[in-house]
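Visitor: Dropping in start-v6.csv, with CSV, C-alpha atoms and all ligand atoms.
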chain,number,residue,atom,x,y,z
U,1,MET,CA,265.8,183.6,219.0
U,2,THR,CA,265.4,184.1,222.7
U,3,VAL,CA,262.1,185.6,223.5
U,4,LYS,CA,262.2,188.3,226.2
U,5,ILE,CA,259.3,188.0,228.6
U,6,GLY,CA,257.7,190.2,231.2
U,7,ILE,CA,255.0,188.9,233.5
U,8,MET,CA,252.2,191.2,234.6
U,9,GLY,CA,250.6,189.9,237.9
U,10,TYR,CA,252.6,187.7,240.2
U,11,GLY,CA,250.0,185.6,241.9
U,12,THR,CA,249.0,181.9,241.8
U,13,ILE,CA,249.5,181.6,238.0
U,14,GLY,CA,252.0,184.4,237.4
U,15,LYS,CA,254.7,183.1,239.7
U,16,ARG,CA,254.4,179.6,238.3
U,17,ILE,CA,254.8,180.8,234.8
U,18,ALA,CA,257.8,182.9,235.9
U,19,ASP,CA,259.5,179.7,237.3
U,20,ALA,CA,258.7,177.8,234.1
U,21,VAL,CA,260.1,180.6,231.8
U,22,MET,CA,263.3,180.5,233.8
U,23,ARG,CA,263.7,176.8,232.9
U,24,MET,CA,263.4,177.4,229.1
U,25,ASP,CA,266.5,177.9,227.0
U,26,ASP,CA,264.7,179.9,224.3
U,27,MET,CA,263.1,182.4,226.7
U,28,GLU,CA,264.4,185.0,229.1
U,29,LEU,CA,262.4,186.3,232.0
U,30,ILE,CA,263.2,190.1,232.1
U,31,GLY,CA,261.0,190.7,235.1
U,32,VAL,CA,257.6,190.8,236.8
U,33,ILE,CA,255.3,193.7,237.4
U,34,LYS,CA,254.0,193.7,240.9
U,35,GLN,CA,251.6,196.1,242.5
U,36,THR,CA,252.1,195.3,246.2
U,37,PRO,CA,255.3,194.9,248.2
U,38,ASP,CA,254.8,191.5,250.0
U,39,TYR,CA,256.4,188.2,250.8
U,40,GLU,CA,255.9,187.0,247.2
U,41,GLY,CA,258.0,189.9,246.0
U,42,GLU,CA,260.7,189.0,248.6
U,43,VAL,CA,260.7,185.4,247.4
U,44,ALA,CA,260.9,186.4,243.8
U,45,ILE,CA,264.0,188.6,244.5
U,46,SER,CA,265.6,185.7,246.4
U,47,LYS,CA,265.2,183.6,243.2
U,48,GLY,CA,266.9,186.3,241.1
U,49,ILE,CA,263.7,187.7,239.5
U,50,LYS,CA,263.6,191.4,238.9
U,51,LEU,CA,260.6,193.3,240.2
U,52,TYR,CA,259.0,196.3,238.4
U,53,THR,CA,256.1,198.3,239.6
U,54,TYR,CA,254.0,201.4,238.8
U,55,GLU,CA,255.6,204.8,239.1
U,56,ASP,CA,253.4,205.8,242.0
U,57,ARG,CA,254.1,202.6,243.9
U,58,VAL,CA,257.9,202.7,243.9
U,59,ASN,CA,257.9,204.5,247.3
U,60,LYS,CA,255.8,201.7,248.8
U,61,PHE,CA,258.3,199.1,247.8
U,62,GLU,CA,261.2,201.2,249.1
U,63,LYS,CA,259.4,201.7,252.5
U,64,ALA,CA,258.9,198.0,252.7
U,65,GLY,CA,262.6,197.4,252.0
U,66,ILE,CA,261.8,195.5,248.7
U,67,ARG,CA,264.0,196.5,245.9
U,68,VAL,CA,262.4,197.2,242.5
U,69,THR,CA,264.6,197.3,239.4
U,70,GLY,CA,262.4,199.9,237.7
U,71,THR,CA,259.0,201.0,236.6
U,72,ILE,CA,256.6,199.4,234.2
U,73,ASN,CA,257.9,201.6,231.4
U,74,ASP,CA,261.4,200.4,232.0
U,75,LEU,CA,260.3,196.8,231.7
U,76,ILE,CA,258.0,197.2,228.7
U,77,LYS,CA,260.7,198.6,226.4
U,78,ASN,CA,262.9,195.6,227.0
U,79,VAL,CA,260.4,192.8,226.4
U,80,ASP,CA,259.0,191.0,223.3
U,81,VAL,CA,255.8,189.9,225.0
U,82,ILE,CA,253.9,190.3,228.3
U,83,ILE,CA,252.3,187.3,229.9
U,84,ASP,CA,249.4,188.8,231.7
U,85,ALA,CA,248.3,186.8,234.8
U,86,THR,CA,246.3,189.5,236.5
U,87,PRO,CA,242.8,188.8,238.0
U,88,ASP,CA,239.8,188.3,235.7
U,89,GLY,CA,239.1,191.4,233.6
U,90,VAL,CA,242.3,193.3,234.4
U,91,GLY,CA,244.0,191.7,231.4
U,92,ALA,CA,241.4,193.3,229.0
U,93,GLU,CA,242.0,196.7,230.7
U,94,ASN,CA,245.7,196.3,230.3
U,95,LYS,CA,245.3,195.5,226.7
U,96,ALA,CA,243.4,198.7,226.0
U,97,LYS,CA,245.6,200.9,228.2
U,98,ILE,CA,249.0,199.4,227.6
U,99,TYR,CA,249.6,196.6,225.1
U,100,GLU,CA,247.6,198.0,222.2
U,101,PRO,CA,248.8,201.6,222.4
U,102,LEU,CA,252.4,200.5,222.7
U,103,GLY,CA,252.3,197.9,220.0
U,104,LEU,CA,253.1,195.1,222.5
U,105,ARG,CA,252.2,191.4,222.1
U,106,ALA,CA,250.4,189.7,225.0
U,107,ILE,CA,249.3,186.3,226.3
U,108,PHE,CA,246.2,186.4,228.5
U,109,GLN,CA,244.7,183.9,230.9
U,110,GLY,CA,241.3,182.1,231.0
U,111,GLY,CA,239.7,184.7,233.3
U,112,GLU,CA,239.5,187.0,230.3
U,113,GLU,CA,236.7,186.9,227.8
U,114,ALA,CA,237.7,185.0,224.6
U,115,GLU,CA,237.3,188.3,222.6
U,116,VAL,CA,240.4,189.7,224.3
U,117,ALA,CA,242.7,187.7,222.0
U,118,ASP,CA,243.0,186.7,218.4
U,119,THR,CA,242.7,183.0,219.5
U,120,SER,CA,242.0,180.9,222.6
U,121,PHE,CA,244.7,178.3,223.0
U,122,ASN,CA,245.4,174.8,224.1
U,123,ALA,CA,248.6,173.3,222.9
U,124,LEU,CA,247.4,169.8,222.1
U,125,ALA,CA,244.1,170.9,220.6
U,126,ASN,CA,244.9,174.0,218.5
U,127,TYR,CA,248.6,175.0,218.6
U,128,ASP,CA,248.6,175.9,215.0
U,129,MET,CA,245.8,178.4,215.3
U,130,ALA,CA,248.1,180.5,217.5
U,131,ILE,CA,251.1,180.6,215.2
U,132,GLY,CA,252.2,184.2,214.7
U,133,LYS,CA,249.2,185.7,216.6
U,134,ARG,CA,249.7,188.9,218.5
U,135,PHE,CA,247.2,188.3,221.3
U,136,ILE,CA,246.6,184.7,222.6
U,137,ARG,CA,244.4,183.6,225.5
U,138,VAL,CA,245.4,180.5,227.3
U,139,VAL,CA,242.1,179.0,228.4
U,140,SER,CA,241.2,178.3,232.1
U,141,CYS,CA,242.2,175.3,234.1
U,142,ASN,CA,238.9,173.4,233.5
U,143,THR,CA,238.9,174.2,229.8
U,144,THR,CA,242.5,173.2,229.5
U,145,ALA,CA,241.8,169.8,231.0
U,146,LEU,CA,238.7,169.2,228.8
U,147,SER,CA,240.4,170.4,225.7
U,148,ARG,CA,243.4,168.1,226.2
U,149,LEU,CA,241.2,165.1,226.8
U,150,ILE,CA,239.0,165.8,223.8
U,151,GLY,CA,242.0,166.8,221.7
U,152,ALA,CA,243.7,163.5,222.5
U,153,PHE,CA,241.0,161.6,220.6
U,154,LEU,CA,240.5,164.2,217.8
U,155,ILE,CA,244.2,164.1,216.8
U,156,HIS,CA,243.9,160.4,216.4
U,157,GLY,CA,241.1,160.9,213.9
U,158,TYR,CA,238.2,159.8,216.3
U,159,LYS,CA,234.8,161.4,215.6
U,160,ILE,CA,233.1,162.5,218.7
U,161,ARG,CA,229.2,162.9,218.7
U,162,LYS,CA,229.0,164.7,222.0
U,163,VAL,CA,230.7,165.3,225.4
U,164,ARG,CA,228.8,165.7,228.6
U,165,ALA,CA,230.9,166.8,231.6
U,166,TYR,CA,230.1,167.3,235.3
U,167,LEU,CA,232.6,169.5,237.2
U,168,VAL,CA,233.1,169.5,240.9
U,169,ARG,CA,235.1,172.7,241.3
U,170,ARG,CA,237.5,173.6,244.2
U,171,GLY,CA,236.1,176.4,246.3
U,172,ALA,CA,239.3,178.4,246.4
U,173,ASP,CA,243.1,178.2,245.9
U,174,PRO,CA,245.0,177.2,249.0
U,175,ARG,CA,246.2,180.7,249.8
U,176,GLU,CA,242.8,182.4,249.2
U,177,PHE,CA,241.8,182.7,252.9
U,178,LYS,CA,238.8,185.0,252.2
U,179,LYS,CA,237.1,182.7,249.6
U,180,GLY,CA,234.7,179.8,250.2
U,181,PRO,CA,232.6,177.8,250.6
U,182,ILE,CA,233.8,176.3,253.8
U,183,ASN,CA,230.6,174.2,254.5
U,184,ASP,CA,228.4,174.1,251.4
U,185,VAL,CA,227.9,172.9,247.9
U,186,VAL,CA,227.4,176.0,245.7
U,187,PHE,CA,225.4,175.5,242.5
U,188,ASN,CA,225.0,179.2,241.6
U,189,PRO,CA,225.2,179.9,238.6
U,190,ALA,CA,223.1,176.7,238.0
U,191,THR,CA,222.4,177.5,234.4
U,192,VAL,CA,223.2,174.8,231.8
U,193,PRO,CA,225.6,174.7,230.2
U,194,SER,CA,228.0,176.1,232.7
U,195,HIS,CA,230.5,178.5,231.0
U,196,HIS,CA,233.0,175.8,230.6
U,197,GLY,CA,231.4,174.0,227.7
U,198,PRO,CA,231.2,177.1,225.5
U,199,ASP,CA,234.7,177.9,226.6
U,200,VAL,CA,235.9,174.6,225.2
U,201,GLN,CA,234.2,175.6,221.9
U,202,THR,CA,236.5,178.6,221.7
U,203,VAL,CA,239.3,176.1,221.2
U,204,ILE,CA,237.5,173.3,219.5
U,205,PRO,CA,234.5,175.1,217.7
U,206,THR,CA,233.0,171.9,216.3
U,207,ILE,CA,232.6,170.0,219.5
U,208,ASP,CA,229.1,169.3,220.9
U,209,ILE,CA,229.8,169.7,224.6
U,210,ILE,CA,227.5,170.5,227.6
U,211,THR,CA,228.9,171.0,231.1
U,212,MET,CA,227.4,171.4,234.6
U,213,ALA,CA,229.3,172.6,237.6
U,214,VAL,CA,229.2,173.0,241.4
U,215,ALA,CA,231.8,174.3,243.8
U,216,VAL,CA,232.8,172.5,247.0
U,217,PRO,CA,234.9,173.2,250.1
U,218,THR,CA,238.3,172.0,249.0
U,219,THR,CA,241.4,173.8,247.7
U,220,MET,CA,243.1,170.7,246.3
U,221,MET,CA,241.9,170.2,242.7
U,222,HIS,CA,238.8,170.1,240.6
U,223,LEU,CA,237.2,166.8,239.7
U,224,HIS,CA,235.6,166.2,236.3
U,225,MET,CA,233.2,163.3,235.5
U,226,VAL,CA,233.2,163.1,231.8
U,227,ASN,CA,231.1,161.1,229.3
U,228,ILE,CA,232.3,161.1,225.6
U,229,GLU,CA,230.1,159.6,223.0
U,230,PHE,CA,232.0,158.5,219.9
U,231,ASP,CA,230.7,158.1,216.4
U,232,GLY,CA,231.0,154.3,216.3
U,233,GLN,CA,232.1,151.6,218.7
U,234,VAL,CA,235.4,151.9,220.7
U,235,SER,CA,237.3,149.5,222.8
U,236,LYS,CA,238.8,150.1,226.2
U,237,GLY,CA,242.2,148.9,224.9
U,238,GLU,CA,242.4,151.6,222.2
U,239,ILE,CA,241.2,154.3,224.6
U,240,MET,CA,243.8,153.3,227.2
U,241,LYS,CA,246.6,153.3,224.5
U,242,ILE,CA,245.7,156.8,223.5
U,243,LEU,CA,245.5,158.1,227.0
U,244,GLU,CA,248.8,156.5,228.0
U,245,GLU,CA,250.6,158.0,225.0
U,246,THR,CA,249.1,161.5,225.1
U,247,PRO,CA,251.5,164.1,226.7
U,248,ARG,CA,250.2,165.9,229.8
U,249,ILE,CA,247.8,163.1,230.7
U,250,LEU,CA,248.7,160.9,233.6
U,251,LEU,CA,246.9,157.8,234.7
U,252,PHE,CA,246.5,157.1,238.4
U,253,ASN,CA,245.4,153.6,239.3
U,254,SER,CA,243.7,153.6,242.7
U,255,ALA,CA,243.5,149.8,243.1
U,256,SER,CA,247.2,149.1,242.5
U,257,ARG,CA,248.8,152.3,243.7
U,258,LYS,CA,246.4,153.0,246.6
U,259,ILE,CA,245.8,156.5,245.3
U,260,GLU,CA,242.2,157.0,246.3
U,261,SER,CA,241.6,160.8,246.4
U,262,LEU,CA,242.7,164.1,245.0
U,263,ALA,CA,244.6,164.9,248.2
U,264,GLN,CA,246.7,161.8,247.6
U,265,ILE,CA,247.5,162.9,244.1
U,266,ILE,CA,248.8,166.2,245.4
U,267,GLU,CA,250.7,164.3,248.1
U,268,TRP,CA,252.3,162.1,245.4
U,269,ALA,CA,253.5,165.2,243.6
U,270,ARG,CA,254.9,166.6,246.9
U,271,ASP,CA,256.7,163.4,247.7
U,272,LEU,CA,258.2,163.4,244.3
U,273,GLY,CA,259.7,166.8,245.1
U,274,ARG,CA,257.7,168.6,242.3
U,275,LEU,CA,257.9,172.4,242.7
U,276,ARG,CA,255.0,173.5,245.0
U,277,GLY,CA,253.5,170.0,244.7
U,278,ASP,CA,252.2,170.9,241.3
U,279,VAL,CA,250.4,168.5,238.9
U,280,MET,CA,250.5,170.2,235.5
U,281,GLU,CA,249.0,167.1,233.8
U,282,ASN,CA,245.4,165.9,233.6
U,283,ALA,CA,245.2,163.4,236.5
U,284,LEU,CA,243.1,160.7,235.0
U,285,ILE,CA,241.6,158.1,237.4
U,286,GLU,CA,242.4,154.9,235.6
U,287,ASP,CA,239.9,152.8,237.4
U,288,SER,CA,237.1,155.1,236.3
U,289,ILE,CA,237.8,154.6,232.6
U,290,THR,CA,234.8,152.6,231.4
U,291,VAL,CA,233.6,151.9,227.8
U,292,PHE,CA,230.1,150.8,226.9
U,293,GLN,CA,229.8,150.4,223.1
U,294,ASN,CA,230.5,153.9,221.8
U,295,GLU,CA,230.6,155.7,225.1
U,296,LEU,CA,233.5,156.5,227.4
U,297,PHE,CA,233.2,157.4,231.0
U,298,LEU,CA,236.0,158.7,233.2
U,299,MET,CA,237.0,161.0,236.0
U,300,GLN,CA,240.0,163.3,236.1
U,301,GLY,CA,241.6,165.6,238.6
U,302,VAL,CA,242.6,169.1,237.5
U,303,HIS,CA,245.2,171.0,239.5
U,304,GLN,CA,243.9,174.5,239.0
U,305,GLU,CA,247.0,176.2,240.2
U,306,SER,CA,249.4,174.7,237.7
U,307,ILE,CA,247.7,173.0,234.7
U,308,VAL,CA,247.9,176.1,232.5
U,309,VAL,CA,251.6,176.7,233.0
U,310,PRO,CA,252.9,174.5,230.2
U,311,GLU,CA,250.3,176.0,227.8
U,312,ASN,CA,251.6,179.5,228.5
U,313,ILE,CA,255.1,178.3,227.5
U,314,ASP,CA,253.8,176.7,224.3
U,315,ALA,CA,251.8,179.9,223.5
U,316,VAL,CA,255.0,181.9,223.5
U,317,ARG,CA,256.6,179.4,221.0
U,318,ALA,CA,253.5,179.5,218.8
U,319,MET,CA,253.3,183.3,218.9
U,320,PHE,CA,257.0,183.7,217.8
U,321,LYS,CA,257.0,180.7,215.5
U,322,LEU,CA,259.9,179.2,217.5
U,323,SER,CA,258.8,175.5,217.2
U,324,SER,CA,256.3,173.2,215.7
U,325,LYS,CA,253.5,171.9,218.0
U,326,TRP,CA,255.1,168.6,219.0
U,327,ASP,CA,258.6,170.0,219.3
U,328,SER,CA,257.3,172.7,221.7
U,329,ILE,CA,255.2,170.3,223.8
U,330,ARG,CA,258.2,167.9,224.1
U,331,LYS,CA,260.6,170.7,225.0
U,332,THR,CA,258.3,172.2,227.5
U,333,ASP,CA,257.5,168.9,229.2
U,334,LEU,CA,261.2,167.9,229.3
U,335,ARG,CA,262.3,171.1,230.9
U,336,LEU,CA,259.4,171.1,233.4
U,337,ASN,CA,260.2,167.4,234.3
U,338,LEU,CA,256.8,166.3,233.1
U,339,ILE,CA,258.3,163.4,231.2
U,340,THR,CA,259.6,160.7,233.5
F,1,LIG,P1,245.8,185.9,241.7
F,1,LIG,O1,244.9,186.8,242.4
F,1,LIG,O2,246.4,184.7,242.5
F,1,LIG,O3,247.0,186.7,241.1
F,1,LIG,C1,246.8,187.9,240.4
F,1,LIG,C2,248.0,188.8,240.7
F,1,LIG,O4,247.9,190.0,239.9
F,1,LIG,C3,247.9,189.3,242.2
F,1,LIG,O5,249.2,189.2,242.7
F,1,LIG,C4,247.5,190.8,242.1
F,1,LIG,O6,248.0,191.6,243.1
F,1,LIG,C5,248.1,191.2,240.7
F,1,LIG,N1,247.5,192.3,240.1
F,1,LIG,C6,246.2,192.7,240.1
F,1,LIG,N2,246.1,193.8,239.3
F,1,LIG,C7,247.3,194.1,238.8
F,1,LIG,C8,247.8,195.1,237.9
F,1,LIG,N3,247.0,196.0,237.4
F,1,LIG,N4,249.1,195.1,237.6
F,1,LIG,C9,249.9,194.2,238.1
F,1,LIG,N5,249.5,193.2,239.0
F,1,LIG,C10,248.2,193.1,239.3
F,1,LIG,O7,245.1,185.3,240.4
F,1,LIG,P2,245.4,184.0,239.6
F,1,LIG,O8,244.6,182.9,240.3
F,1,LIG,O9,246.8,183.8,239.4
F,1,LIG,O10,244.6,184.2,238.2
F,1,LIG,C11,245.2,185.0,237.2
F,1,LIG,C12,244.5,184.6,235.9
F,1,LIG,O11,244.7,183.2,235.7
F,1,LIG,C13,243.0,184.9,235.9
F,1,LIG,O12,242.6,185.2,234.6
F,1,LIG,C14,242.4,183.5,236.2
F,1,LIG,O13,241.1,183.3,235.8
F,1,LIG,C15,243.4,182.6,235.5
F,1,LIG,N6,243.5,181.3,236.0
F,1,LIG,C16,243.5,181.0,237.4
F,1,LIG,C17,243.5,179.7,237.8
F,1,LIG,C18,243.4,179.4,239.3
F,1,LIG,O14,242.8,178.4,239.7
F,1,LIG,N7,244.0,180.2,240.2
F,1,LIG,C19,243.6,178.7,237.0
F,1,LIG,C20,243.7,178.9,235.6
F,1,LIG,C21,243.6,180.2,235.1
Render the structure in this file as structure tokens.
Guide:
Amino acid sequence: MTVKIGIMGYGTIGKRIADAVMRMDDMELIGVIKQTPDYEGEVAISKGIKLYTYEDRVNKFEKAGIRVTGTINDLIKNVDVIIDATPDGVGAENKAKIYEPLGLRAIFQGGEEAEVADTSFNALANYDMAIGKRFIRVVSCNTTALSRLIGAFLIHGYKIRKVRAYLVRRGADPREFKKGPINDVVFNPATVPSHHGPDVQTVIPTIDIITMAVAVPTTMMHLHMVNIEFDGQVSKGEIMKILEETPRILLFNSASRKIESLAQIIEWARDLGRLRGDVMENALIEDSITVFQNELFLMQGVHQESIVVPENIDAVRAMFKLSSKWDSIRKTDLRLNLIT
């Protein structure tokens, strides 16, 4: 089966998912729904992506000289699922106004409340929970990174007593010129836990996790400082083996490779020629991996713009029962060149 996909919202996340869908042989990108005629629409057309818009906006596109293939109604009757990558809260509105009344399936992003979907999703941690579901929510960038990390140990049978994670969040994405901070460290909301811990529990309900978060003036990546307490002693050797073997986790050794900052990790991806300089894996700082008896400490970089892209692809396979968890993860990673 080839799943026919429409993408609603063609911003930071939507355009990356569109490119990823086009690389899959079991999915077909029918088109994307855009609200505004702009440079991103022009680029999409140059890549062969069909644009659709709302009926009352067709004129705007025509005036701007950007060709639309049709209206949202034309797209919707030709797709099996909509991947909704609109801003926080719009996905829930779309569900009520469009997807539910028309009997459509949809995949939402982490800016929506968990209640929008039948399940929250991370491929490594809970792929099987999403099999056959009509509405799936791919959790946010921070939650994806934490779920992968915790999931890596749980799938090997490790028992985790608790996770404590401190998140240094990027202030904005690179193209968001109106957002900040530009000279501050923002602690609001300072409440503990930050929303990230409870969000991880929507994927791994049994995990004891507490998170704290601040936002800083960078657009590069988030940085997590994570402490995992296991039920019993662990060795650095076994931890390293698991992290090295887990898909979508990459180790960066700053001592030997002279990668000393998040900017250099992005530069590494750009130098490799990765599309947009994306790093879809957890970027684990190898030198930070430290084990004291039953406790693990580490730092990881999280490329907010791209880390959820492979999970959206896997969510489609789970929804349509196209592949088992590991087959899907392998296929996605091969086609996105994440396996080197
Ligand atoms: P974005 O603002 O970059 O893109 C959203 C796009 O949707 C914009 O192009 C906007 O014009 C369009 N849009 C808005 N309303 C629309 C509508 N009714 N119909 C069609 N298009 C509409 O946002 P983003 O960063 O890509 O975030 C999308 C979702 O992904 C959010 O839930 C967000 O929380 C989540 N997410 C974002 C990041 C990130 O760091 N950017 C990371 C992980 C998850």
Visitor: Go through the chains and note each residue within 7 Å of ligand LIG 1 (chain F), using all atoms listed in the file, then give the set as an NGL selection string.
Guide: :U and (8-14 or 33-36 or 85-88 or 90 or 109-112 or 139-141 or 173 or 304-305 or 308)
Visitor: I'd like to know which of U:Phe230, U:Met212, U:Met299, U:Ala165 is closest to Leu262 (chain U), using all atoms listed in the file.
Guide: U:Met299
Visitor: Find the residues around region 227-229 of chain U up to 8 Å (only C-alpha atoms counted), leave out those fewer than 2 positions away in its own chain, and share them as a PDB file with C-alpha atoms, keeping the file's coordinate frame.
Guide:
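Everything below was put into result_23.pdb:
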ATOM      1  CA  ILE U 160     233.100 162.500 218.700  1.00  0.00           C
ATOM      2  CA  ARG U 161     229.200 162.900 218.700  1.00  0.00           C
ATOM      3  CA  LYS U 162     229.000 164.700 222.000  1.00  0.00           C
ATOM      4  CA  VAL U 163     230.700 165.300 225.400  1.00  0.00           C
ATOM      5  CA  ARG U 164     228.800 165.700 228.600  1.00  0.00           C
ATOM      6  CA  ALA U 165     230.900 166.800 231.600  1.00  0.00           C
ATOM      7  CA  MET U 225     233.200 163.300 235.500  1.00  0.00           C
ATOM      8  CA  ASP U 231     230.700 158.100 216.400  1.00  0.00           C
ATOM      9  CA  ASN U 294     230.500 153.900 221.800  1.00  0.00           C
ATOM     10  CA  GLU U 295     230.600 155.700 225.100  1.00  0.00           C
ATOM     11  CA  LEU U 296     233.500 156.500 227.400  1.00  0.00           C
ATOM     12  CA  PHE U 297     233.200 157.400 231.000  1.00  0.00           C
ATOM     13  CA  LEU U 298     236.000 158.700 233.200  1.00  0.00           C
TER      14      LEU U 298
END
Visitor: Could you check the closest approach to Glu238 (chain U) for each of U:Asn188, U:Thr69, U:Ser46, U:Thr290 and tell me which residue wins, using only C-alpha atoms?
Guide: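 For Glu238 (chain U), the nearest of the given residues is U:Thr290.
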Visitor: Need the shell around Ala123 (chain U): protein/DNA/RNA residues with any atom at most 8 Å away, counting only C-alpha atoms. Skip same-chain ones fewer than 4 positions apart. Format as a list in words?
Guide: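 My reading of the contact set: Tyr127, Glu311, Asp314, Ala315, Lys325 and Ile329 of chain U.
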Visitor: Calculated over only C-alpha atoms, which of the candidates U:Arg330, U:Val185, U:Ala145, U:Val200 has the smallest distance to Val279 (chain U)?
Guide: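 Of U:Arg330, U:Val185, U:Ala145, U:Val200, the one nearest Val279 (chain U) is U:Ala145, counting only C-alpha atoms.
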Visitor: Which residues, written as a list in words, have at least one atom at most 12 Å from Lys47 (chain U), with only C-alpha atoms counted and residues fewer than 4 positions away on the same chain left out?
Guide: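 The residues that qualify are Lys15, Ala18, Asp19, Met22, Leu29, Gly31, Glu40, Gly41, Glu42, Val43 and Leu51 of chain U.
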